[in-house]
Each structure stands twice: as structure tokens, then as C-alpha cells.
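Working notes for the structure below.
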Amino acid sequence: MKYLNERPLISGLVIGTLAGILIGWLVIGWVIWPVRWVDANPALLREDFRRDYTEMAATLYSLTLDSAAAQERMREWDDVELYVCQLANESVEPTRQLLLNLAQALSPGITCTPQIETETETVAESDRASLGGQIAQLCGVGLLAVALVGGAFYYFSRRKRAPSTVRELPPEKPKSPSAQTGIRTVPLAQFPTEYNLGHDAYDDSFSIETPTGEFLGECGVGISETLGAGTPKKVTAFEVWLFDKNDIRTVTKVIMSDHAYHDDALRAKLAPKGQPALARPGETVVLETASLIINARIVELEYGSGELPEQSYVQRMVVELAAWAKEPTQPDAAAATDFAL
């Protein structure tokens, strides 16, 4: 009779435990305190961030030719050589050549040949991976529930046989946080900017701040050089600039039309304004100061047509600026480029 009287108490505790698991998992874990990923492996990032990260690593390798540093940047990336080769096959010059050089640095002797994969196989493989993850998650929750129920029954069965004893455990020592080096894999901020023919006062600028609101600097894109006379202005070159409050200089690079880039007179005229870069879709221009790095990627580009030379002025251009903050522990700008993940 005593065992029968204890059954409602045990059943209530078991039901309460299961209800607590569901409430804690669904309400607290997904609504009140959702999981936030910080300093993730670059391979786990969104596709456009992975592409930007890889292209930036390829650009840095072309400047330093340090194979060991390039391998260290990509060391946590599974099958990184295949991904770099695939990205190179999808890119245009000169970005394609930079990625091919990076692939050689990661795996000397590798040959990047285009790989054909049907869309059906890709979707099916993705669906299988997603289904497998869901099944594994459900199995994990089920095992946790069974373990809790079994533990509850074992606990109360032990209480019936002998008085409970309490043993104090020594306090757990706090775990020291892992050291952070290099730059963050996720951009601190992203700014899209768009130019269209007729926007003669085009000069977009953006403030770079930390999540807490601390001002770090500014960046922007504006008109650098025009062709011909009259309105609207025929823009043949744009300035991309980066100001760092911790640096004494403002870094500037000039994005030139195909005509301006290959015209010796125009290039000589624009040389004092900054290093030249050819305007083409997918091209990424990197600007770096003491504590900031900017990737200016040309997302869309359309040339105008008329009496002026072919591909001499821009009809429409969309640029995405991605800003990274270097870690404050690095002593100088040169060390900041050699980041490790």
C-alpha cells in the first residue's frame, strides 16, 4: 500500500521533468536565449562570407607568397583545395588566377579542373544531410528524456531503501577563454552602395562602429574622374576610401573603367589618387589600415554606350563594402594580415 501511495508522486515528477525539458528546449532555447555563433569556422559561414574570406586569403597570399601562412588560415577547412578550385572555376580574371595560386599553395601540384555536378544530385545530397541531422537531433532528445526518466526512478527507489546523504563537491574551476588571434571571420559591418548614370553628386560614406557603438572609422565610394562635357556626367573612375581613427592616413584605391584602365594618359592622371583596380563584376578591392580591413566587391556593373569610346563610362554599378576590425593584440598592420583561425 505504501508503494501505491507513492506512485502519483513519481508520475508527477516524471511528467514535470518531461514538461520542463520541452519548455526549456522550445521556449528558453529558441525564444528567450537563442544560441549565437561567435568566431565560427569559416567553412560554416554563409556562402557569400565564405567566398569573401577565401578571396581575401588569396589576395593576401599574392602579396606575401607565404604558403605556411596560407595553409594556417585554411587549416580547419575540410577539402579546402577542392573548394578553392571550384571557386576559381566560377570566377573571372584576375580573381581566378589568385585563387589558383592559393590552391597551389595549399596543395602543391594540384590541377583545378571544372567539376560537373547535376543540380538534382546536389539537392538530393543536401536533403539527405538535412534529414540525417534532424533524425540525429530527435534521437538525442529521446535518449536524454529516457535517461532523465530512468534517473528519476532510480533516485526514488534508492530513497525508499536508505536515507539520502548529501555530499558537497568542490567548486568547479572556471574554464579560461580561448585566445583570439587575427581578424574576425564574420564582417563587423556591410554597406551596399549603388551608382546610376545621372547621380552627379554620388559620394556615399558609412561609419564603422563596434556592436557597442564605439567609432572605429569611415569608408565610402565616390566619383573620381569623368569624361566629356555636359550632363549627366560620364564617370570613368571611382574612389574607394578607408579612414581609420587609429591611423594617420586615409587609404584610397581607384576603380577604373576598362577604357581608363588601359589608357596610359588616364592612368597616369589618376595615379596620385590611389592604386588602380579594373572595374568588372566579381572584382574585390582590398583596403587595409592599422586596425581595419575593407573588402569592396563589385556586385553589378553596366557600361553606357554612345559617342564616347566603348566601355569608357559606367551606366550602373553596385558595390558591397565589408568591414573587418583587426584584433587589438597585434603589434602592427603587417602582423594583422597573418591571421589564424
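Here, A, B, ... name the chains of the C-alpha cells in the order displayed, residue numbers run from 1 inside each chain, and ligands are numbered from 1 in the same displayed order.
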
Checklist entry - Near A:Glu302, within 10 Å and counting only C-alpha atoms, which residues show up once chain neighbours fewer than 4 positions away are dropped, as a PyMOL selection string? => result chain A and resi 196+279-281+311+313-318

Take the residues just selected and output them with N, CA and C atoms as a PDB file, in the first residue's frame.
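The new file again-v9.pdb reads:
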ATOM      1  N   ASN A 196      24.048  55.171 -60.296  1.00  0.00           N
ATOM      2  CA  ASN A 196      23.342  55.146 -61.568  1.00  0.00           C
ATOM      3  C   ASN A 196      23.667  56.418 -62.336  1.00  0.00           C
ATOM      4  N   ALA A 279      37.477  47.756 -63.119  1.00  0.00           N
ATOM      5  CA  ALA A 279      36.071  47.548 -62.795  1.00  0.00           C
ATOM      6  C   ALA A 279      35.527  46.368 -63.587  1.00  0.00           C
ATOM      7  N   ARG A 280      35.097  45.330 -62.883  1.00  0.00           N
ATOM      8  CA  ARG A 280      34.478  44.180 -63.520  1.00  0.00           C
ATOM      9  C   ARG A 280      33.651  43.446 -62.461  1.00  0.00           C
ATOM     10  N   PRO A 281      32.548  42.803 -62.847  1.00  0.00           N
ATOM     11  CA  PRO A 281      31.714  42.092 -61.869  1.00  0.00           C
ATOM     12  C   PRO A 281      32.514  41.016 -61.149  1.00  0.00           C
ATOM     13  N   GLN A 311      33.032  50.987 -73.434  1.00  0.00           N
ATOM     14  CA  GLN A 311      33.360  50.665 -72.030  1.00  0.00           C
ATOM     15  C   GLN A 311      34.216  51.754 -71.400  1.00  0.00           C
ATOM     16  N   TYR A 313      32.583  54.665 -69.793  1.00  0.00           N
ATOM     17  CA  TYR A 313      31.902  55.254 -68.628  1.00  0.00           C
ATOM     18  C   TYR A 313      30.828  54.296 -68.130  1.00  0.00           C
ATOM     19  N   VAL A 314      30.462  54.455 -66.854  1.00  0.00           N
ATOM     20  CA  VAL A 314      29.610  53.496 -66.152  1.00  0.00           C
ATOM     21  C   VAL A 314      28.159  53.970 -66.179  1.00  0.00           C
ATOM     22  N   GLN A 315      27.285  53.057 -66.566  1.00  0.00           N
ATOM     23  CA  GLN A 315      25.844  53.320 -66.523  1.00  0.00           C
ATOM     24  C   GLN A 315      25.278  52.990 -65.141  1.00  0.00           C
ATOM     25  N   ARG A 316      25.723  51.871 -64.568  1.00  0.00           N
ATOM     26  CA  ARG A 316      25.231  51.441 -63.251  1.00  0.00           C
ATOM     27  C   ARG A 316      26.281  50.552 -62.599  1.00  0.00           C
ATOM     28  N   MET A 317      26.461  50.736 -61.290  1.00  0.00           N
ATOM     29  CA  MET A 317      27.418  49.911 -60.558  1.00  0.00           C
ATOM     30  C   MET A 317      26.919  49.728 -59.126  1.00  0.00           C
ATOM     31  N   VAL A 318      26.974  48.484 -58.647  1.00  0.00           N
ATOM     32  CA  VAL A 318      26.608  48.154 -57.267  1.00  0.00           C
ATOM     33  C   VAL A 318      27.843  47.584 -56.575  1.00  0.00           C
TER      34      VAL A 318
END

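Minimum atom-to-atom distance to A:Ala69, evaluated using only C-alpha atoms, belongs to A:Ala105 out of A:Ala105, A:Arg267, A:Asp244, A:Ile23.
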
Next on the checklist: Residues within 10 Å of A:Leu100, please, as a ChimeraX atom specification. Count only C-alpha atoms; anything in the same chain fewer than 3 positions from it doesn't count.
Outcome noted: /A:58,81,84-89,95-97,103-106,110-112

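Closest approach to A:Gly282 among A:Val92, A:Leu197, A:Leu144, A:Leu321 is made by A:Val92 (distances from only C-alpha atoms).
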
Checklist entry - Please, what distance in Å, to one decimal, runs between atom CA of A:Phe49 and atom CA of A:Lys326? => result 16.8 Å

Considering only C-alpha atoms, tabulate each residue of stretch 237-319 of chain A that lies at most 10 Å from stretch 198-215 of chain A along with its nearest interatomic pair and the corresponding distance in Å to one decimal; arrange the rows by chain and ascending residue number and present them as JSON lines.
{"residue": "A:Phe238", "atom": "CA", "partner": "A:Asp203", "partner_atom": "CA", "distance": 9.5}
{"residue": "A:Glu239", "atom": "CA", "partner": "A:Asp203", "partner_atom": "CA", "distance": 9.2}
{"residue": "A:Val240", "atom": "CA", "partner": "A:Ser205", "partner_atom": "CA", "distance": 9.8}
{"residue": "A:Trp241", "atom": "CA", "partner": "A:Ser205", "partner_atom": "CA", "distance": 9.0}
{"residue": "A:Leu242", "atom": "CA", "partner": "A:Ser205", "partner_atom": "CA", "distance": 9.6}
{"residue": "A:Phe243", "atom": "CA", "partner": "A:Ile208", "partner_atom": "CA", "distance": 9.4}
{"residue": "A:Asp244", "atom": "CA", "partner": "A:Ile208", "partner_atom": "CA", "distance": 9.1}
{"residue": "A:Lys245", "atom": "CA", "partner": "A:Phe215", "partner_atom": "CA", "distance": 8.1}
{"residue": "A:Leu292", "atom": "CA", "partner": "A:Ile208", "partner_atom": "CA", "distance": 9.4}
{"residue": "A:Gln315", "atom": "CA", "partner": "A:Gly198", "partner_atom": "CA", "distance": 8.7}
{"residue": "A:Arg316", "atom": "CA", "partner": "A:Gly198", "partner_atom": "CA", "distance": 9.8}

Any chance you can output those residues with N, CA and C atoms as a CSV table (one decimal), in the first residue's frame?
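Output file out.csv is given in full below:
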chain,number,residue,atom,x,y,z
A,238,PHE,N,36.1,55.6,-60.1
A,238,PHE,CA,35.5,55.9,-58.8
A,238,PHE,C,36.6,55.7,-57.7
A,239,GLU,N,36.5,56.4,-56.6
A,239,GLU,CA,37.4,56.3,-55.5
A,239,GLU,C,36.7,55.5,-54.4
A,240,VAL,N,37.5,54.4,-53.9
A,240,VAL,CA,37.1,53.7,-52.7
A,240,VAL,C,38.1,54.1,-51.6
A,241,TRP,N,37.6,54.5,-50.5
A,241,TRP,CA,38.5,55.0,-49.4
A,241,TRP,C,38.1,54.4,-48.1
A,242,LEU,N,39.1,54.5,-47.2
A,242,LEU,CA,39.0,53.9,-45.8
A,242,LEU,C,39.7,54.9,-44.9
A,243,PHE,N,39.0,55.4,-43.9
A,243,PHE,CA,39.6,56.2,-42.8
A,243,PHE,C,39.6,55.4,-41.5
A,244,ASP,N,40.7,55.4,-40.8
A,244,ASP,CA,40.9,54.6,-39.6
A,244,ASP,C,41.3,55.6,-38.5
A,245,LYS,N,40.5,55.7,-37.4
A,245,LYS,CA,40.8,56.7,-36.4
A,245,LYS,C,42.2,56.4,-35.7
A,292,LEU,N,41.9,48.3,-39.4
A,292,LEU,CA,40.7,47.9,-40.2
A,292,LEU,C,41.1,47.3,-41.6
A,315,GLN,N,27.3,53.1,-66.6
A,315,GLN,CA,25.8,53.3,-66.5
A,315,GLN,C,25.3,53.0,-65.1
A,316,ARG,N,25.7,51.9,-64.6
A,316,ARG,CA,25.2,51.4,-63.3
A,316,ARG,C,26.3,50.6,-62.6

Checklist entry - atom CA of A:Thr284 to atom CA of A:Glu320: how many Å, to one decimal? => result 9.3 Å

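Among the candidate residues A:Lys234, A:Leu216, A:Met74, A:Ser224, the one lying nearest to A:Ser305 is A:Lys234, with distances computed using only C-alpha atoms.
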
Checklist entry - What gap, in Å, lies between atom CA of A:Val251 and atom CA of A:Ala290? => result 10.5 Å

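Nearest residue to A:Val149 among A:Ser312, A:Leu13, A:Leu98, A:Met56 is A:Leu13, counting only C-alpha atoms.
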
Checklist entry - When DSSP works through the backbone of this structure, what residues of stretch 252-314 of chain A end up as strand (DSSP E or B), shown as a list of chain:residue names? => result A:Thr252, A:Lys253, A:Val254, A:Ile255, A:Met256, A:Gln275, A:Pro276, A:Ala277, A:Leu278, A:Thr284, A:Val285, A:Val286, A:Leu287, A:Glu288, A:Leu292, A:Ile293, A:Ile294, A:Asn295, A:Ala296, A:Arg297, A:Ile298, A:Val299, A:Glu300, A:Leu301, A:Glu302, A:Tyr303, A:Val314

Give me a file of those residues, with C-alpha atoms, as a JSON list (two decimals), in the first residue's frame.
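Result file out-v2.json:
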[["chain", "number", "residue", "atom", "x", "y", "z"],
["A", 252, "THR", "CA", 42.32, 55.17, -51.29],
["A", 253, "LYS", "CA", 42.09, 52.97, -54.38],
["A", 254, "VAL", "CA", 40.67, 53.88, -57.79],
["A", 255, "ILE", "CA", 38.20, 51.61, -59.60],
["A", 256, "MET", "CA", 38.65, 52.37, -63.32],
["A", 275, "GLN", "CA", 46.29, 52.21, -56.64],
["A", 276, "PRO", "CA", 44.28, 51.34, -59.80],
["A", 277, "ALA", "CA", 41.78, 48.47, -60.00],
["A", 278, "LEU", "CA", 39.86, 47.28, -63.06],
["A", 284, "THR", "CA", 37.20, 42.65, -54.96],
["A", 285, "VAL", "CA", 39.31, 45.64, -53.92],
["A", 286, "VAL", "CA", 41.04, 45.31, -50.53],
["A", 287, "LEU", "CA", 41.91, 48.36, -48.38],
["A", 288, "GLU", "CA", 43.87, 47.98, -45.16],
["A", 292, "LEU", "CA", 40.69, 47.93, -40.21],
["A", 293, "ILE", "CA", 40.28, 45.95, -43.43],
["A", 294, "ILE", "CA", 37.70, 46.72, -46.13],
["A", 295, "ASN", "CA", 36.64, 44.42, -48.97],
["A", 296, "ALA", "CA", 34.92, 46.39, -51.74],
["A", 297, "ARG", "CA", 33.28, 43.81, -54.05],
["A", 298, "ILE", "CA", 31.71, 44.89, -57.35],
["A", 299, "VAL", "CA", 28.40, 43.05, -57.39],
["A", 300, "GLU", "CA", 26.95, 44.51, -60.63],
["A", 301, "LEU", "CA", 28.44, 46.61, -63.44],
["A", 302, "GLU", "CA", 26.88, 48.04, -66.60],
["A", 303, "TYR", "CA", 28.64, 50.32, -69.09],
["A", 314, "VAL", "CA", 29.61, 53.50, -66.15]]

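Distances here use only C-alpha atoms; by that measure, the residue among A:Gly217, A:Pro309, A:Gly20, A:Pro187 closest to A:Ile248 is A:Gly217.
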